[in-house]
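K.L.:
Would you mind keeping the following structure in view while I ask a few things?
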Amino acid sequence: TEFGGFIQKKTTVATVKSVQFVSFHGYNGQPFKNKEKLVAHVEAVLAVLSPGRALFAGDFNTWTEEHLTAVKESLEKSGFDLAYSWSYPGRSHPLDHAFTRGVKIGISQNYSCESDHRGAVLELDLEDLVS
């Protein structure tokens with residue numbers, strides 16, 4: 001059962017060359033798809049990040065436009081912008097997204113894989129990055 005907050009088994013945070021990378025699997029709100037608990041999960045992860053450059057990406061379980069809007073508003077308060085979204089098979093609304101702060105995605109693509117979600121490859125433009 002998921003209760004929101006920082007769910008360590010579903011979130012990984014790593015720093016490489018002063019860029020923080022968040023691999024996120026958001027609270028999916030089953031059985032009620034509760035967007036407040038999803039936002040609480042996002043904000044718990046934001047609380048452990050340092051200021052500075054970051055990529056925050058993964059399965060956000062944004063089941064509705066209202067879910068995506070709530071997540072975007074939370075991340076925008078911390079300086080993130082929605083940079084890329086990719087489709088979930090059989091749904092018109094994407095569940096998977098990449099948000100950036102202080103970095104830009106140069107090339108992005110998604111692909112079919114063994115998961116029920118499509119995978120994504122995101123190439124960051126780090127030209128002006130100093131170690």
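By convention here, the chains of the structure tokens are called A, B, ... in the order presented, each chain's residues are numbered starting at 1, and ligands are numbered starting at 1 in the order presented.
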Between stretch 31-99 of chain A and stretch 106-113 of chain A, at 12 Å or less, what are the per-residue closest atom pairs and their distances in Å? Count only C-alpha atoms, order by chain and rising residue number, and return it as CSV.

P.N.:
residue,atom,partner,partner_atom,distance
A:Gly58,CA,A:Asn110,CA,12.0
A:Ala83,CA,A:Ser108,CA,9.7
A:Tyr84,CA,A:Ser108,CA,7.7
A:Ser85,CA,A:Asn110,CA,9.5
A:Trp86,CA,A:Asn110,CA,6.9
A:Ser87,CA,A:Asn110,CA,8.6
A:Tyr88,CA,A:Ser112,CA,10.0
A:Pro89,CA,A:Ser112,CA,9.1
A:Asp96,CA,A:Asn110,CA,10.4
A:His97,CA,A:Asn110,CA,11.1
A:Ala98,CA,A:Ser108,CA,10.0

K.L.:
Please identify which residues in stretch 26-93 of chain A DSSP calls helix (DSSP H, G or I) from the backbone, and express them as a list in words.

P.N.:
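Matching residues, listed in order: Lys35, Glu36, Lys37, Leu38, Val39, Ala40, His41, Val42, Glu43, Ala44, Val45, Leu46, Ala47, Val48, Glu65, Glu66, His67, Leu68, Thr69, Ala70, Val71, Lys72, Glu73, Ser74, Leu75, Glu76 and Lys77 of chain A.
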
K.L.:
Can you tell me how far atom CA of A:Leu49 sits from atom CA of A:Pro94, in Å to one decimal?

P.N.:
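According to the coordinates, atom CA of A:Leu49 and atom CA of A:Pro94 are separated by 25.0 Å.
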
K.L.:
Find, counting only C-alpha atoms, the residue in A:Glu114, A:Glu66, A:Asp59, A:Asp125 that gets nearest to A:Gly102.

P.N.:
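The answer is A:Asp125, which sits nearest to A:Gly102.
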
K.L.:
Which of stretch 19-73 of chain A end up as strand (DSSP E) when DSSP is run on this backbone - answer as JSON, numbers by chain?

P.N.:
{"A": [19, 20, 21, 22, 23, 24, 25, 54, 55, 56, 57, 58, 59]}

K.L.:
Give me a file of those residues, with N, CA and C atoms, as a PDB file, in the first residue's frame.

P.N.:
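Output file result.pdb follows:
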ATOM      1  N   VAL A  19      24.755  17.874 -11.168  1.00  0.00           N
ATOM      2  CA  VAL A  19      23.355  17.788 -11.598  1.00  0.00           C
ATOM      3  C   VAL A  19      22.691  16.682 -10.784  1.00  0.00           C
ATOM      4  N   GLN A  20      21.557  17.007 -10.176  1.00  0.00           N
ATOM      5  CA  GLN A  20      20.791  16.003  -9.437  1.00  0.00           C
ATOM      6  C   GLN A  20      19.830  15.320 -10.402  1.00  0.00           C
ATOM      7  N   PHE A  21      19.778  13.997 -10.310  1.00  0.00           N
ATOM      8  CA  PHE A  21      18.883  13.199 -11.136  1.00  0.00           C
ATOM      9  C   PHE A  21      17.905  12.487 -10.218  1.00  0.00           C
ATOM     10  N   VAL A  22      16.625  12.656 -10.486  1.00  0.00           N
ATOM     11  CA  VAL A  22      15.578  11.990  -9.713  1.00  0.00           C
ATOM     12  C   VAL A  22      14.865  11.022 -10.646  1.00  0.00           C
ATOM     13  N   SER A  23      14.900   9.748 -10.292  1.00  0.00           N
ATOM     14  CA  SER A  23      14.122   8.729 -10.979  1.00  0.00           C
ATOM     15  C   SER A  23      12.906   8.473 -10.104  1.00  0.00           C
ATOM     16  N   PHE A  24      11.747   8.815 -10.609  1.00  0.00           N
ATOM     17  CA  PHE A  24      10.543   8.912  -9.786  1.00  0.00           C
ATOM     18  C   PHE A  24       9.464   7.941 -10.239  1.00  0.00           C
ATOM     19  N   HIS A  25       8.860   7.258  -9.284  1.00  0.00           N
ATOM     20  CA  HIS A  25       7.641   6.497  -9.536  1.00  0.00           C
ATOM     21  C   HIS A  25       6.628   7.006  -8.529  1.00  0.00           C
ATOM     22  N   ALA A  54      18.866  20.184 -11.979  1.00  0.00           N
ATOM     23  CA  ALA A  54      18.258  18.879 -11.705  1.00  0.00           C
ATOM     24  C   ALA A  54      17.374  18.428 -12.857  1.00  0.00           C
ATOM     25  N   LEU A  55      17.272  17.102 -12.967  1.00  0.00           N
ATOM     26  CA  LEU A  55      16.315  16.443 -13.848  1.00  0.00           C
ATOM     27  C   LEU A  55      15.446  15.577 -12.954  1.00  0.00           C
ATOM     28  N   PHE A  56      14.145  15.769 -12.995  1.00  0.00           N
ATOM     29  CA  PHE A  56      13.176  15.050 -12.151  1.00  0.00           C
ATOM     30  C   PHE A  56      12.240  14.350 -13.126  1.00  0.00           C
ATOM     31  N   ALA A  57      12.394  13.034 -13.297  1.00  0.00           N
ATOM     32  CA  ALA A  57      11.667  12.352 -14.362  1.00  0.00           C
ATOM     33  C   ALA A  57      11.173  10.982 -13.931  1.00  0.00           C
ATOM     34  N   GLY A  58      10.116  10.531 -14.601  1.00  0.00           N
ATOM     35  CA  GLY A  58       9.614   9.185 -14.368  1.00  0.00           C
ATOM     36  C   GLY A  58       8.115   9.087 -14.537  1.00  0.00           C
ATOM     37  N   ASP A  59       7.571   8.077 -13.871  1.00  0.00           N
ATOM     38  CA  ASP A  59       6.134   7.783 -13.906  1.00  0.00           C
ATOM     39  C   ASP A  59       5.457   8.579 -12.799  1.00  0.00           C
TER      40      ASP A  59
END

K.L.:
Do a neighbour search on A:Leu124 at 7 Å with only C-alpha atoms, toss out local chain neighbours closer than 5 positions, and write the hits as a PyMOL selection string.

P.N.:
chain A and resi 103-106

K.L.:
Need to verify the contact set: A:Gly79, 10 Å, only C-alpha atoms, exclusion of same-chain residues closer than 6 positions in sequence. Can you return it as a ChimeraX atom specification?

P.N.:
/A:51-54,73,99-102

K.L.:
Write out as JSON, numbers by chain which residues come within 6 Å of A:Leu38 when counting only C-alpha atoms, dropping same-chain ones fewer than 3 positions away.

P.N.:
{"A": [27, 35, 41]}

K.L.:
Can those selected residues be exported to a file as a PDB file, in the first residue's frame so that it contains C-alpha atoms?

P.N.:
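Below is the file that was written, again_29.pdb:
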ATOM      1  CA  TYR A  27       2.137   7.630  -5.703  1.00  0.00           C
ATOM      2  CA  LYS A  35      -3.855  13.887  -6.356  1.00  0.00           C
ATOM      3  CA  HIS A  41       5.057  12.545  -2.625  1.00  0.00           C
TER       4      HIS A  41
END

K.L.:
Using only C-alpha atoms, can you tell me which of A:Leu82, A:Val39, A:Val45, A:Ala120 comes closest to A:Lys10?

P.N.:
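Closest candidate: A:Val45.
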
K.L.:
List the neighbours of A:Asn28 out to 8 Å using only C-alpha atoms; skip same-chain residues closer than 3 positions along the sequence, and give me the result as a PyMOL selection string.

P.N.:
chain A and resi 2+33-34+38+60-61

K.L.:
Could you save the residues just selected, with all heavy atoms, as a tab-separated table (two decimals), in the first residue's frame?

P.N.:
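New file out-v1.tsv:
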chain	number	residue	atom	x	y	z
A	2	GLU	N	0.47	2.25	-0.71
A	2	GLU	CA	1.22	3.50	-0.76
A	2	GLU	C	0.52	4.54	0.09
A	2	GLU	O	-0.69	4.65	0.08
A	2	GLU	CB	1.31	3.99	-2.21
A	2	GLU	CG	2.08	3.02	-3.08
A	2	GLU	CD	2.09	3.44	-4.53
A	2	GLU	OE1	1.18	4.19	-4.95
A	2	GLU	OE2	2.98	3.02	-5.25
A	33	LYS	N	-7.01	7.36	-6.75
A	33	LYS	CA	-6.22	8.29	-7.57
A	33	LYS	C	-6.18	9.69	-6.94
A	33	LYS	O	-6.47	10.70	-7.55
A	33	LYS	CB	-6.74	8.33	-9.00
A	33	LYS	CG	-6.60	6.99	-9.71
A	33	LYS	CD	-7.09	7.05	-11.12
A	33	LYS	CE	-6.84	5.79	-11.90
A	33	LYS	NZ	-7.24	4.55	-11.34
A	34	ASN	N	-5.76	9.72	-5.68
A	34	ASN	CA	-5.74	10.92	-4.86
A	34	ASN	C	-4.59	11.84	-5.27
A	34	ASN	O	-3.44	11.54	-5.04
A	34	ASN	CB	-5.61	10.49	-3.39
A	34	ASN	CG	-5.66	11.64	-2.43
A	34	ASN	OD1	-4.98	12.63	-2.61
A	34	ASN	ND2	-6.47	11.48	-1.40
A	38	LEU	N	-0.32	12.38	-4.25
A	38	LEU	CA	0.70	12.44	-5.30
A	38	LEU	C	1.56	13.69	-5.12
A	38	LEU	O	2.79	13.63	-5.15
A	38	LEU	CB	0.05	12.42	-6.68
A	38	LEU	CG	0.98	12.65	-7.87
A	38	LEU	CD1	2.09	11.60	-7.93
A	38	LEU	CD2	0.18	12.67	-9.17
A	60	PHE	N	4.80	9.67	-13.17
A	60	PHE	CA	4.15	10.53	-12.19
A	60	PHE	C	2.71	10.11	-11.92
A	60	PHE	O	2.06	10.67	-11.04
A	60	PHE	CB	4.18	12.00	-12.66
A	60	PHE	CG	5.51	12.65	-12.45
A	60	PHE	CD1	6.54	12.47	-13.35
A	60	PHE	CD2	5.73	13.45	-11.34
A	60	PHE	CE1	7.76	13.07	-13.16
A	60	PHE	CE2	6.95	14.05	-11.13
A	60	PHE	CZ	7.98	13.86	-12.04
A	61	ASN	N	2.21	9.14	-12.66
A	61	ASN	CA	0.82	8.70	-12.48
A	61	ASN	C	-0.16	9.88	-12.51
A	61	ASN	O	-1.03	10.00	-11.66
A	61	ASN	CB	0.67	7.88	-11.20
A	61	ASN	CG	1.21	6.48	-11.38
A	61	ASN	OD1	0.84	5.79	-12.32
A	61	ASN	ND2	2.10	6.08	-10.50

K.L.:
With distances taken over only C-alpha atoms, which of A:Ser92, A:Lys37, A:Thr11, A:Asp116 is nearest to A:Glu65?

P.N.:
A:Ser92

K.L.:
As a PyMOL selection string, please: the residues near A:Thr62 (cut-off 6 Å, only C-alpha atoms, same-chain neighbours under 5 positions excluded).

P.N.:
chain A and resi 67-68+95

K.L.:
Could you state the separation of atom CA of A:Gly26 and atom CA of A:Thr69 in Å, given to one decimal place?

P.N.:
14.6 Å

K.L.:
Rounded to one decimal, what separation in Å do you get between atom CA of A:Lys72 and atom CA of A:Glu43?

P.N.:
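Atom-to-atom, atom CA of A:Lys72 and atom CA of A:Glu43 are spaced 11.2 Å apart.
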